[in-house]
Number of protein chains: 2
Amino acid sequence: MSTATAADQRVYNFSAGPAVLPVPVLEQARDEMLCLPGVGASILEISHRSAAFTAIIEAAEANIRKLLGVPDDYAVLFLQGGGRLQFWMTAANLIGELGAFKGKSADYLLTGSWGKQAMAEAKKVAPVRVAYDSSGSNYDRLPAPFCAGEPAMDLDPDAAYVHYTCNETIQGVQFPSEPDTGGVPLVCDASSDFMHKKLDVTKYGLIYACAQKNAGPAGVTIVIVNKALVADASPNLPIYCNYNTHIAEKSLNNTAPTFSIYIVKLVTEWLLREFGDLDAVYKQNQMKAKLLYDVMDAAPDFYIGHARRECRSLMNVAFRLPSDELTDAFLSGAKKRGLSDLKGHRSVGGARASIYNAMPVAGVECLRDYMLEFKNQQG
Amino acid sequence: MSTATAADQRVYNFSAGPAVLPVPVLEQARDEMLCLPGVGASILEISHRSAAFTAIIEAAEANIRKLLGVPDDYAVLFLQGGGRLQFWMTAANLIGELGAFKGKSADYLLTGSWGKQAMAEAKKVAPVRVAYDSSGSNYDRLPAPFCAGEPAMDLDPDAAYVHYTCNETIQGVQFPSEPDTGGVPLVCDASSDFMHKKLDVTKYGLIYACAQKNAGPAGVTIVIVNKALVADASPNLPIYCNYNTHIAEKSLNNTAPTFSIYIVKLVTEWLLREFGDLDAVYKQNQMKAKLLYDVMDAAPDFYIGHARRECRSLMNVAFRLPSDELTDAFLSGAKKRGLSDLKGHRSVGGARASIYNAMPVAGVECLRDYMLEFKNQQG
């Protein structure tokens with residue numbers, strides 16, 4: 001199979017995750033699949049303790065540290081089990097019977113489906129509080145001051161942490177900046193907008209992100225954690241679910257998901273090479289999202305956005321059309337043009353365009369043009 | 001980079017894991033890296049709920065069921081977290097506070113480093129018993145009747161299960177057949193010899209195997225579990241660590257490690273295509289191991305095997321030489337010939353040749369020839 005053929009077959013893939021990756025990353029993975037240069041074996045075949053893999057995981061960590069400006073008192077970890085396991089691990093390490101802050105509660109902001117699930121897992125280990133909940137409007141908004149007229153967060157100043165989901169993939173609701181917790185550490189599920197812009201990491205106690213949306217393939221979850229925050233968690237936690245295990249052994253207590261980490265290294269190299277820094281990435285993400293939101297804003301009764309304007313996501317653009325018939329026609333017409341995976345999640349319906357870092361501007365322009373044409377056809 | 005060049009650079013890789021994979025598997029992964037045929041996107045980019053991935057995970061499961069003869073009342077799961085998380089999960093689901101057999105104990109056979117670590121995790125959730133322990137001789141043997149003169153297992157007939165490690169990767173100690181537990185369910189860590197021969201799955205309550213030794217790449221752990229055994233585990237277990245979650249949702253409660261599962265599919269296809277069944281695989285594994293053990297048996301004072309003959313492994317051939325200087329010379333000479341990763345684990349020393357299913361006969365022959373030559377050179 002020639003490269004040209006394969007590349008020609010590619011569609012613009014708006015999948016919410018696993019999601020589009022940069023073509024140069026895929027090409028390098030392809031070219032090195034039988035043999036990593038100088039190693040004599042595939043990345044799939046080498047020990048996680050080999051010099052070759054050590055160089056890869058160290059480069060992946062260094063790239064993330066550089067892109068996000070991660071301070072030295074934070075560890076960068078590469079774990080397995082996805083956000084799903086983090087939902088439980090964060091609570092178990094912090095407020096559970098074996099946690100560093102045993103006896104304390106935590107506050108949860110429910111601004112979408114994932115935050116709700118995170119809290120359900122935390123409840124298994126300790127009592128937790130709901131500090132904000134927009135489920136009544138199917139998670140289309142954020143608390144004040146982000147959304148005018150909304151109640152503010154009801155925060156417990158003694159909470160061990162405040163958990164929030166900075167971008168809700170399903171509802172397309174994104175915090176434009178961190179909520180102000182008055183000094184209580186933030187624990188953040190950043191799965192679907194990780195590395196879409198620069199962060200002030202010192203505002204966070206712990207950030208976790210499964211890679212398969214904006215940082216790499218499925219199979220690895222990146223955790224950035226303030227080492228002091230989790231230091232007092234009990235060694236009686238499951239060894240795999242204790243952050244201190246992975247901090248002490250640099251994510252190599254057991255066999256790390258080597259290939260997924262290799263792809264994260266390639267993706268972060270690509271970000272550094274193509275953009276230089278996350279400010280440039282953010283600028284492009286704002287520009288791409290604006291292409292679609294401008295179409296929606298010009299026809300708000302035809303492309304009906306799910307999230308309120310103050311908090312709509314740069315990563316996941318969720319909207320519906322006036323009828324199920326029009327939605328179906330929109331989606332099948334898109335597919336014919338090579339615009340794939342635009343169906344909205346069943347809990348919201350309609351359409352959703354996930355436009356992560358790796359989605360080319362040309363792909364978003366193509367979708368924008370199609371949206372304009374489809375609207376005009378219904379004229 | 002041309003294929004021929006990449007293939008020419010490949011060494012014979014005796015790594016204990018992640019380990020050698022079949023070249024046709026790597027070639028297919030390479031050829032499909034930019035585009036799965038008919039899909040328009042890479043395996044790294046498609047949703048775990050897409051039709052294309054559903055076909056892949058179903059094929060991987062069907063191949064494993066076919067190769068091992070897995071009965072319908074057993075689930076085949078694809079999880080993350082490696083053997084390390086299984087050490088805790090098995091105990092938590094069965095004998096922990098939230099386990100199906102809460103209040104019961106379990107018996108552990110300690111025949112190597114991994115069994116010891118499995119028990120350490122189980123102890124965190126409930127009291128467990130040591131039913132056999134060969135640590136006194138650095139895990140070089142098995143209980144009677146496998147090794148003559150050894151004590152038999154000291155089994156508790158009321159145990160919820162008996163845990164054992166059918167092949168200890170580090171010490172190269174392998175059970176030639178299942179221990180007789182008088183009806184108590186076996187829970188088996190089969191990480192390093194999974195699918196090296198046919199099993200009678202009905203003898204087991206649960207089998208787990210991280211894939212990166214004999215079944216695929218790092219990042220996925222295959223679990224074969226009798227559904228009835230774990231049915232009464234509490235829903236208050238962490239959702240990711242509850243077997244019932246994954247049984248009910250066919251390993252897709254959260255984003256599965258899609259690429260690793262895809263490679264397991266390719267490896268199992270290769271086994272079926274190249275060998276037809278696991279009896280043929282086993283025959284070749286016996287033949288490959290014999291090539292090396294015959295050299296050792298002819299020079300037992302030069303190539304000093306770690307495991308006793310009755311229980312030496314078909315997968316990991318562990319031996320030392322008469323001195324550290326000879327070991328170093330042996331290993332550096334091997335490397336010059338393109339025989340890599342032969343260094344023994346630090347806890348055993350010496351050399352170790354891991355000769356999993358995917359290690360070609362030619363690779364073992366090459367090592368055999370080198371062992372003979374090296375011995376002769378020392379006159």
# chains A, B, ... in the order shown; residues from 1 in each chain; ligands from 1
>>> residues_around(residues="B:Thr268", least_positions_apart="3", cutoff="7 Å", atoms="only C-alpha atoms", output="ChimeraX atom specification")
/B:60,63-64,264-265,271-272
>>> write_last_selection(atoms="all heavy atoms", output="JSON list (two decimals), in the first residue's frame")
[["chain", "number", "residue", "atom", "x", "y", "z"],
["B", 60, "ALA", "N", -10.93, -10.17, 18.09],
["B", 60, "ALA", "CA", -9.90, -10.54, 19.07],
["B", 60, "ALA", "C", -10.48, -11.52, 20.09],
["B", 60, "ALA", "O", -9.86, -12.54, 20.42],
["B", 60, "ALA", "CB", -9.36, -9.28, 19.76],
["B", 63, "ASN", "N", -11.13, -14.95, 18.47],
["B", 63, "ASN", "CA", -9.88, -15.70, 18.24],
["B", 63, "ASN", "C", -9.39, -16.34, 19.54],
["B", 63, "ASN", "O", -8.94, -17.49, 19.54],
["B", 63, "ASN", "CB", -8.81, -14.77, 17.68],
["B", 63, "ASN", "CG", -9.10, -14.30, 16.27],
["B", 63, "ASN", "OD1", -9.98, -14.82, 15.60],
["B", 63, "ASN", "ND2", -8.37, -13.29, 15.83],
["B", 64, "ILE", "N", -9.44, -15.58, 20.62],
["B", 64, "ILE", "CA", -9.00, -16.12, 21.91],
["B", 64, "ILE", "C", -9.91, -17.27, 22.34],
["B", 64, "ILE", "O", -9.45, -18.31, 22.81],
["B", 64, "ILE", "CB", -8.96, -15.00, 22.98],
["B", 64, "ILE", "CG1", -7.84, -14.01, 22.65],
["B", 64, "ILE", "CG2", -8.78, -15.56, 24.38],
["B", 64, "ILE", "CD1", -7.87, -12.73, 23.46],
["B", 264, "VAL", "N", -3.55, -7.39, 19.48],
["B", 264, "VAL", "CA", -3.92, -8.73, 19.97],
["B", 264, "VAL", "C", -4.73, -9.46, 18.89],
["B", 264, "VAL", "O", -4.54, -10.66, 18.66],
["B", 264, "VAL", "CB", -4.72, -8.65, 21.29],
["B", 264, "VAL", "CG1", -5.31, -10.01, 21.66],
["B", 264, "VAL", "CG2", -3.82, -8.14, 22.42],
["B", 265, "LYS", "N", -5.60, -8.74, 18.23],
["B", 265, "LYS", "CA", -6.35, -9.35, 17.12],
["B", 265, "LYS", "C", -5.38, -9.86, 16.04],
["B", 265, "LYS", "O", -5.50, -10.99, 15.56],
["B", 265, "LYS", "CB", -7.33, -8.35, 16.51],
["B", 265, "LYS", "CG", -7.97, -8.84, 15.21],
["B", 265, "LYS", "CD", -8.81, -7.76, 14.55],
["B", 265, "LYS", "CE", -9.34, -8.19, 13.20],
["B", 265, "LYS", "NZ", -8.44, -7.86, 12.07],
["B", 271, "LEU", "N", -1.53, -16.53, 14.88],
["B", 271, "LEU", "CA", -1.47, -17.87, 15.48],
["B", 271, "LEU", "C", -2.37, -18.84, 14.72],
["B", 271, "LEU", "O", -1.97, -19.97, 14.41],
["B", 271, "LEU", "CB", -1.90, -17.82, 16.95],
["B", 271, "LEU", "CG", -0.91, -17.20, 17.94],
["B", 271, "LEU", "CD1", -1.56, -17.04, 19.32],
["B", 271, "LEU", "CD2", 0.36, -18.05, 18.06],
["B", 272, "LEU", "N", -3.59, -18.38, 14.43],
["B", 272, "LEU", "CA", -4.53, -19.26, 13.74],
["B", 272, "LEU", "C", -4.05, -19.57, 12.31],
["B", 272, "LEU", "O", -4.18, -20.70, 11.83],
["B", 272, "LEU", "CB", -5.93, -18.61, 13.70],
["B", 272, "LEU", "CG", -6.66, -18.61, 15.05],
["B", 272, "LEU", "CD1", -7.83, -17.62, 15.04],
["B", 272, "LEU", "CD2", -7.16, -20.02, 15.39]]
>>> interface_residues(of="chain B", to="chain A", cutoff="6 Å", atoms="only C-alpha atoms", output="PyMOL selection string")
chain B and resi 6+9-11+17-20+26+30+33-35+40-41+44-47+80-81+85+124+217-219+236+240+257
>>> write_last_selection(atoms="N, CA, C and O atoms", output="mmCIF file, in the first residue's frame")
data_model
loop_
_atom_site.group_PDB
_atom_site.id
_atom_site.type_symbol
_atom_site.label_atom_id
_atom_site.label_comp_id
_atom_site.auth_asym_id
_atom_site.auth_seq_id
_atom_site.Cartn_x
_atom_site.Cartn_y
_atom_site.Cartn_z
ATOM 1 N N ALA B 6 14.318 -1.684 7.043
ATOM 2 C CA ALA B 6 13.840 -1.821 8.415
ATOM 3 C C ALA B 6 13.940 -3.275 8.867
ATOM 4 O O ALA B 6 14.413 -3.568 9.966
ATOM 5 N N GLN B 9 17.403 -4.439 9.693
ATOM 6 C CA GLN B 9 17.984 -3.915 10.937
ATOM 7 C C GLN B 9 17.546 -4.693 12.175
ATOM 8 O O GLN B 9 18.063 -4.466 13.255
ATOM 9 N N ARG B 10 16.558 -5.551 12.013
ATOM 10 C CA ARG B 10 15.981 -6.195 13.199
ATOM 11 C C ARG B 10 16.942 -7.222 13.801
ATOM 12 O O ARG B 10 17.590 -7.983 13.112
ATOM 13 N N VAL B 11 16.977 -7.208 15.135
ATOM 14 C CA VAL B 11 17.788 -8.183 15.862
ATOM 15 C C VAL B 11 16.872 -9.322 16.338
ATOM 16 O O VAL B 11 15.659 -9.247 16.218
ATOM 17 N N GLY B 17 9.721 -8.867 28.102
ATOM 18 C CA GLY B 17 8.449 -8.187 27.885
ATOM 19 C C GLY B 17 8.544 -6.719 28.257
ATOM 20 O O GLY B 17 9.163 -6.421 29.260
ATOM 21 N N PRO B 18 7.931 -5.848 27.433
ATOM 22 C CA PRO B 18 7.407 -6.111 26.108
ATOM 23 C C PRO B 18 8.416 -6.892 25.275
ATOM 24 O O PRO B 18 9.616 -6.690 25.427
ATOM 25 N N ALA B 19 7.883 -7.755 24.421
ATOM 26 C CA ALA B 19 8.716 -8.762 23.763
ATOM 27 C C ALA B 19 8.438 -8.815 22.265
ATOM 28 O O ALA B 19 7.558 -8.131 21.750
ATOM 29 N N VAL B 20 9.199 -9.670 21.629
ATOM 30 C CA VAL B 20 9.118 -9.824 20.177
ATOM 31 C C VAL B 20 7.675 -10.093 19.711
ATOM 32 O O VAL B 20 6.923 -10.797 20.367
ATOM 33 N N LEU B 26 3.548 -6.706 12.639
ATOM 34 C CA LEU B 26 4.117 -5.352 12.571
ATOM 35 C C LEU B 26 3.933 -4.754 11.180
ATOM 36 O O LEU B 26 3.642 -3.565 11.033
ATOM 37 N N ARG B 30 1.935 -1.398 10.323
ATOM 38 C CA ARG B 30 2.590 -0.330 9.564
ATOM 39 C C ARG B 30 1.731 0.083 8.355
ATOM 40 O O ARG B 30 1.458 1.262 8.138
ATOM 41 N N MET B 33 -1.388 2.063 9.303
ATOM 42 C CA MET B 33 -1.238 3.119 10.326
ATOM 43 C C MET B 33 -1.926 4.421 9.928
ATOM 44 O O MET B 33 -2.495 5.108 10.770
ATOM 45 N N LEU B 34 -1.905 4.774 8.645
ATOM 46 C CA LEU B 34 -2.571 6.018 8.248
ATOM 47 C C LEU B 34 -4.063 5.830 8.004
ATOM 48 O O LEU B 34 -4.842 6.770 8.153
ATOM 49 N N CYS B 35 -4.439 4.613 7.641
ATOM 50 C CA CYS B 35 -5.824 4.357 7.268
ATOM 51 C C CYS B 35 -6.165 2.895 7.434
ATOM 52 O O CYS B 35 -5.586 2.055 6.741
ATOM 53 N N GLY B 40 -10.947 5.225 6.536
ATOM 54 C CA GLY B 40 -10.579 6.628 6.313
ATOM 55 C C GLY B 40 -9.846 7.273 7.470
ATOM 56 O O GLY B 40 -9.627 8.475 7.492
ATOM 57 N N ALA B 41 -9.479 6.458 8.469
ATOM 58 C CA ALA B 41 -8.739 6.990 9.619
ATOM 59 C C ALA B 41 -7.891 5.859 10.192
ATOM 60 O O ALA B 41 -8.124 4.676 9.927
ATOM 61 N N LEU B 44 -5.668 4.419 15.488
ATOM 62 C CA LEU B 44 -5.438 5.290 16.656
ATOM 63 C C LEU B 44 -6.488 6.386 16.781
ATOM 64 O O LEU B 44 -6.570 7.050 17.809
ATOM 65 N N GLU B 45 -7.283 6.570 15.720
ATOM 66 C CA GLU B 45 -8.157 7.755 15.675
ATOM 67 C C GLU B 45 -9.638 7.428 15.730
ATOM 68 O O GLU B 45 -10.460 8.344 15.691
ATOM 69 N N ILE B 46 -9.982 6.137 15.781
ATOM 70 C CA ILE B 46 -11.414 5.814 15.668
ATOM 71 C C ILE B 46 -12.030 5.534 17.036
ATOM 72 O O ILE B 46 -11.392 5.022 17.945
ATOM 73 N N SER B 47 -13.290 5.854 17.162
ATOM 74 C CA SER B 47 -14.020 5.655 18.419
ATOM 75 C C SER B 47 -14.042 4.182 18.789
ATOM 76 O O SER B 47 -14.204 3.307 17.938
ATOM 77 N N GLN B 80 -7.077 -2.482 31.384
ATOM 78 C CA GLN B 80 -5.816 -1.753 31.529
ATOM 79 C C GLN B 80 -5.264 -1.952 32.948
ATOM 80 O O GLN B 80 -5.945 -2.442 33.824
ATOM 81 N N GLY B 81 -4.031 -1.537 33.137
ATOM 82 C CA GLY B 81 -3.438 -1.568 34.485
ATOM 83 C C GLY B 81 -2.505 -2.740 34.729
ATOM 84 O O GLY B 81 -1.876 -2.809 35.782
ATOM 85 N N LEU B 85 -2.512 -4.263 38.564
ATOM 86 C CA LEU B 85 -3.870 -3.930 39.013
ATOM 87 C C LEU B 85 -4.680 -5.205 39.249
ATOM 88 O O LEU B 85 -5.512 -5.258 40.161
ATOM 89 N N LYS B 124 -3.827 -6.525 51.235
ATOM 90 C CA LYS B 124 -4.387 -5.201 51.543
ATOM 91 C C LYS B 124 -5.897 -5.254 51.706
ATOM 92 O O LYS B 124 -6.478 -4.348 52.295
ATOM 93 N N PRO B 217 1.072 -6.176 22.590
ATOM 94 C CA PRO B 217 1.949 -5.129 23.124
ATOM 95 C C PRO B 217 1.556 -4.788 24.566
ATOM 96 O O PRO B 217 0.557 -5.302 25.075
ATOM 97 N N ALA B 218 2.291 -3.921 25.203
ATOM 98 C CA ALA B 218 1.901 -3.405 26.515
ATOM 99 C C ALA B 218 0.613 -2.599 26.371
ATOM 100 O O ALA B 218 0.283 -2.119 25.296
ATOM 101 N N GLY B 219 -0.110 -2.486 27.491
ATOM 102 C CA GLY B 219 -1.271 -1.594 27.510
ATOM 103 C C GLY B 219 -2.602 -2.292 27.542
ATOM 104 O O GLY B 219 -3.634 -1.633 27.678
ATOM 105 N N ASN B 236 -20.249 -1.257 44.748
ATOM 106 C CA ASN B 236 -19.469 -0.160 45.352
ATOM 107 C C ASN B 236 -17.974 -0.260 45.113
ATOM 108 O O ASN B 236 -17.211 0.608 45.532
ATOM 109 N N TYR B 240 -14.099 0.908 37.554
ATOM 110 C CA TYR B 240 -13.097 0.337 36.657
ATOM 111 C C TYR B 240 -12.545 -0.980 37.186
ATOM 112 O O TYR B 240 -12.053 -1.813 36.420
ATOM 113 N N PRO B 257 -8.206 0.286 25.413
ATOM 114 C CA PRO B 257 -6.914 0.559 24.755
ATOM 115 C C PRO B 257 -6.953 -0.012 23.342
ATOM 116 O O PRO B 257 -6.503 -1.130 23.069
#
>>> residues_around(residues="stretch 361-373 of chain B", least_positions_apart="3", cutoff="9 Å", atoms="only C-alpha atoms", output="ChimeraX atom specification")
/B:11-14,284-285,287-289,291-292,295-296,303,330,333-334,337,339,353,355,376-378
>>> atom_distance(atom1="atom CA of A:Gln117", atom2="atom CA of A:Thr165")
10.6 Å
>>> select_by_dssp(residues="stretch 78-208 of chain A", states="strand (DSSP E)", output="VMD selection string")
chain A and resid 78 to 79 106 to 110 128 to 133 162 to 165 167 to 168 173 to 174 186 to 189 204 to 208
>>> atom_distance(atom1="atom CA of B:Pro185", atom2="atom CA of B:Val162")
6.3 Å
>>> select_by_dssp(residues="stretch 172-366 of chain B", states="alpha helix (DSSP H)", output="PyMOL selection string")
chain B and resi 227-230+243-248+258-274+278-298+324-336+361-366
>>> write_last_selection(atoms="C-alpha atoms", output="PDB file, in the first residue's frame")
ATOM      1  CA  LYS B 227     -19.052 -14.938  35.238  1.00  0.00           C
ATOM      2  CA  ALA B 228     -20.750 -16.713  38.141  1.00  0.00           C
ATOM      3  CA  LEU B 229     -17.613 -16.446  40.296  1.00  0.00           C
ATOM      4  CA  VAL B 230     -17.621 -12.647  40.422  1.00  0.00           C
ATOM      5  CA  TYR B 243     -15.216  -7.268  36.704  1.00  0.00           C
ATOM      6  CA  ASN B 244     -18.993  -7.036  36.403  1.00  0.00           C
ATOM      7  CA  THR B 245     -18.671  -3.583  34.806  1.00  0.00           C
ATOM      8  CA  HIS B 246     -16.570  -4.997  32.030  1.00  0.00           C
ATOM      9  CA  ILE B 247     -18.586  -8.193  31.676  1.00  0.00           C
ATOM     10  CA  ALA B 248     -21.810  -6.195  31.280  1.00  0.00           C
ATOM     11  CA  THR B 258      -7.924   0.297  21.122  1.00  0.00           C
ATOM     12  CA  PHE B 259      -4.538  -0.035  19.453  1.00  0.00           C
ATOM     13  CA  SER B 260      -3.299  -2.724  21.861  1.00  0.00           C
ATOM     14  CA  ILE B 261      -6.481  -4.718  21.282  1.00  0.00           C
ATOM     15  CA  TYR B 262      -6.014  -4.338  17.525  1.00  0.00           C
ATOM     16  CA  ILE B 263      -2.535  -5.846  17.848  1.00  0.00           C
ATOM     17  CA  VAL B 264      -3.921  -8.728  19.967  1.00  0.00           C
ATOM     18  CA  LYS B 265      -6.354  -9.349  17.115  1.00  0.00           C
ATOM     19  CA  LEU B 266      -3.482  -9.446  14.614  1.00  0.00           C
ATOM     20  CA  VAL B 267      -1.384 -11.732  16.843  1.00  0.00           C
ATOM     21  CA  THR B 268      -4.234 -14.192  17.344  1.00  0.00           C
ATOM     22  CA  GLU B 269      -4.970 -14.140  13.612  1.00  0.00           C
ATOM     23  CA  TRP B 270      -1.303 -14.933  13.032  1.00  0.00           C
ATOM     24  CA  LEU B 271      -1.466 -17.866  15.477  1.00  0.00           C
ATOM     25  CA  LEU B 272      -4.532 -19.262  13.737  1.00  0.00           C
ATOM     26  CA  ARG B 273      -3.050 -18.733  10.280  1.00  0.00           C
ATOM     27  CA  GLU B 274       0.475 -20.000  11.000  1.00  0.00           C
ATOM     28  CA  LEU B 278      -2.424 -24.095  20.209  1.00  0.00           C
ATOM     29  CA  ASP B 279      -1.362 -27.742  20.120  1.00  0.00           C
ATOM     30  CA  ALA B 280       0.871 -26.883  17.193  1.00  0.00           C
ATOM     31  CA  VAL B 281       2.094 -23.758  18.995  1.00  0.00           C
ATOM     32  CA  TYR B 282       2.926 -25.854  22.056  1.00  0.00           C
ATOM     33  CA  LYS B 283       4.831 -28.383  19.974  1.00  0.00           C
ATOM     34  CA  GLN B 284       6.989 -25.636  18.542  1.00  0.00           C
ATOM     35  CA  ASN B 285       7.510 -24.086  21.974  1.00  0.00           C
ATOM     36  CA  GLN B 286       8.685 -27.442  23.343  1.00  0.00           C
ATOM     37  CA  MET B 287      11.032 -27.822  20.416  1.00  0.00           C
ATOM     38  CA  LYS B 288      12.469 -24.317  20.783  1.00  0.00           C
ATOM     39  CA  ALA B 289      13.058 -24.698  24.537  1.00  0.00           C
ATOM     40  CA  LYS B 290      14.708 -28.091  23.993  1.00  0.00           C
ATOM     41  CA  LEU B 291      17.271 -26.490  21.683  1.00  0.00           C
ATOM     42  CA  LEU B 292      18.546 -24.408  24.592  1.00  0.00           C
ATOM     43  CA  TYR B 293      18.051 -26.849  27.448  1.00  0.00           C
ATOM     44  CA  ASP B 294      19.969 -29.528  25.521  1.00  0.00           C
ATOM     45  CA  VAL B 295      22.983 -27.199  25.409  1.00  0.00           C
ATOM     46  CA  MET B 296      22.623 -26.529  29.127  1.00  0.00           C
ATOM     47  CA  ASP B 297      22.174 -30.203  29.987  1.00  0.00           C
ATOM     48  CA  ALA B 298      25.348 -31.055  28.065  1.00  0.00           C
ATOM     49  CA  ASP B 324      30.347 -12.625  36.404  1.00  0.00           C
ATOM     50  CA  GLU B 325      33.193 -12.074  33.927  1.00  0.00           C
ATOM     51  CA  LEU B 326      31.971 -14.945  31.752  1.00  0.00           C
ATOM     52  CA  THR B 327      28.401 -13.712  32.012  1.00  0.00           C
ATOM     53  CA  ASP B 328      29.459 -10.252  30.846  1.00  0.00           C
ATOM     54  CA  ALA B 329      31.510 -11.714  27.996  1.00  0.00           C
ATOM     55  CA  PHE B 330      28.601 -13.959  27.008  1.00  0.00           C
ATOM     56  CA  LEU B 331      26.145 -11.070  26.940  1.00  0.00           C
ATOM     57  CA  SER B 332      28.381  -8.669  25.039  1.00  0.00           C
ATOM     58  CA  GLY B 333      29.285 -11.339  22.493  1.00  0.00           C
ATOM     59  CA  ALA B 334      25.594 -12.077  22.011  1.00  0.00           C
ATOM     60  CA  LYS B 335      24.807  -8.432  21.396  1.00  0.00           C
ATOM     61  CA  LYS B 336      27.465  -8.274  18.679  1.00  0.00           C
ATOM     62  CA  VAL B 361      12.900 -20.977  15.513  1.00  0.00           C
ATOM     63  CA  ALA B 362      15.779 -19.401  13.590  1.00  0.00           C
ATOM     64  CA  GLY B 363      16.362 -16.979  16.460  1.00  0.00           C
ATOM     65  CA  VAL B 364      16.577 -19.790  18.994  1.00  0.00           C
ATOM     66  CA  GLU B 365      18.886 -21.733  16.692  1.00  0.00           C
ATOM     67  CA  CYS B 366      21.103 -18.700  16.411  1.00  0.00           C
TER      68      CYS B 366
END
>>> residues_around(residues="B:Gly115", least_positions_apart="4", cutoff="7 Å", atoms="only C-alpha atoms", output="PyMOL selection string")
chain B and resi 109-111+119+164-165
>>> write_last_selection(atoms="all heavy atoms", output="mmCIF file, in the first residue's frame")
data_model
loop_
_atom_site.group_PDB
_atom_site.id
_atom_site.type_symbol
_atom_site.label_atom_id
_atom_site.label_comp_id
_atom_site.auth_asym_id
_atom_site.auth_seq_id
_atom_site.Cartn_x
_atom_site.Cartn_y
_atom_site.Cartn_z
ATOM 1 N N LEU B 109 0.154 -19.535 46.143
ATOM 2 C CA LEU B 109 1.366 -20.326 45.889
ATOM 3 C C LEU B 109 2.467 -19.352 45.470
ATOM 4 O O LEU B 109 2.343 -18.662 44.455
ATOM 5 C CB LEU B 109 1.129 -21.330 44.761
ATOM 6 C CG LEU B 109 -0.083 -22.263 44.890
ATOM 7 C CD1 LEU B 109 -0.087 -23.293 43.751
ATOM 8 C CD2 LEU B 109 -0.110 -22.950 46.239
ATOM 9 N N LEU B 110 3.517 -19.306 46.268
ATOM 10 C CA LEU B 110 4.616 -18.377 45.967
ATOM 11 C C LEU B 110 5.748 -19.148 45.315
ATOM 12 O O LEU B 110 6.571 -19.768 45.976
ATOM 13 C CB LEU B 110 5.087 -17.690 47.252
ATOM 14 C CG LEU B 110 3.992 -17.038 48.098
ATOM 15 C CD1 LEU B 110 4.604 -16.235 49.238
ATOM 16 C CD2 LEU B 110 3.091 -16.150 47.249
ATOM 17 N N THR B 111 5.763 -19.123 43.991
ATOM 18 C CA THR B 111 6.797 -19.847 43.247
ATOM 19 C C THR B 111 7.679 -18.895 42.439
ATOM 20 O O THR B 111 8.394 -19.326 41.537
ATOM 21 C CB THR B 111 6.151 -20.892 42.305
ATOM 22 O OG1 THR B 111 5.314 -20.192 41.367
ATOM 23 C CG2 THR B 111 5.307 -21.890 43.080
ATOM 24 N N MET B 119 0.374 -11.611 46.154
ATOM 25 C CA MET B 119 -0.116 -11.807 47.518
ATOM 26 C C MET B 119 -0.031 -10.516 48.329
ATOM 27 O O MET B 119 -0.916 -10.220 49.124
ATOM 28 C CB MET B 119 0.642 -12.925 48.225
ATOM 29 C CG MET B 119 -0.091 -13.322 49.507
ATOM 30 S SD MET B 119 0.689 -14.700 50.371
ATOM 31 C CE MET B 119 2.051 -13.851 51.138
ATOM 32 N N TYR B 164 -2.165 -18.757 41.693
ATOM 33 C CA TYR B 164 -0.814 -19.170 41.333
ATOM 34 C C TYR B 164 -0.372 -18.478 40.046
ATOM 35 O O TYR B 164 -1.186 -17.918 39.310
ATOM 36 C CB TYR B 164 -0.706 -20.694 41.258
ATOM 37 C CG TYR B 164 -1.150 -21.337 39.960
ATOM 38 C CD1 TYR B 164 -0.235 -22.030 39.162
ATOM 39 C CD2 TYR B 164 -2.469 -21.273 39.543
ATOM 40 C CE1 TYR B 164 -0.626 -22.643 37.979
ATOM 41 C CE2 TYR B 164 -2.867 -21.887 38.368
ATOM 42 C CZ TYR B 164 -1.945 -22.561 37.589
ATOM 43 O OH TYR B 164 -2.339 -23.155 36.422
ATOM 44 N N THR B 165 0.910 -18.514 39.822
ATOM 45 C CA THR B 165 1.524 -17.892 38.652
ATOM 46 C C THR B 165 2.039 -19.039 37.793
ATOM 47 O O THR B 165 3.016 -19.692 38.159
ATOM 48 C CB THR B 165 2.687 -16.978 39.093
ATOM 49 O OG1 THR B 165 2.247 -16.172 40.185
ATOM 50 C CG2 THR B 165 3.170 -16.115 37.949
#
>>> atom_distance(atom1="atom CA of A:Phe175", atom2="atom CA of A:Ala100")
27.8 Å
>>> residues_around(residues="A:Ile95", least_positions_apart="5", cutoff="6 Å", atoms="only C-alpha atoms", output="ChimeraX atom specification")
/A:101-102,104
>>> residues_around(residues="B:Leu199", least_positions_apart="2", cutoff="7 Å", atoms="only C-alpha atoms", output="MDAnalysis selection string")
chainID B and resid 68 197 201
>>> write_last_selection(atoms="C-alpha atoms", output="CSV table (one decimal), in the first residue's frame")
chain,number,residue,atom,x,y,z
B,68,LEU,CA,-8.2,-21.6,24.1
B,197,LYS,CA,-0.6,-24.1,24.8
B,201,VAL,CA,-10.4,-23.3,31.0
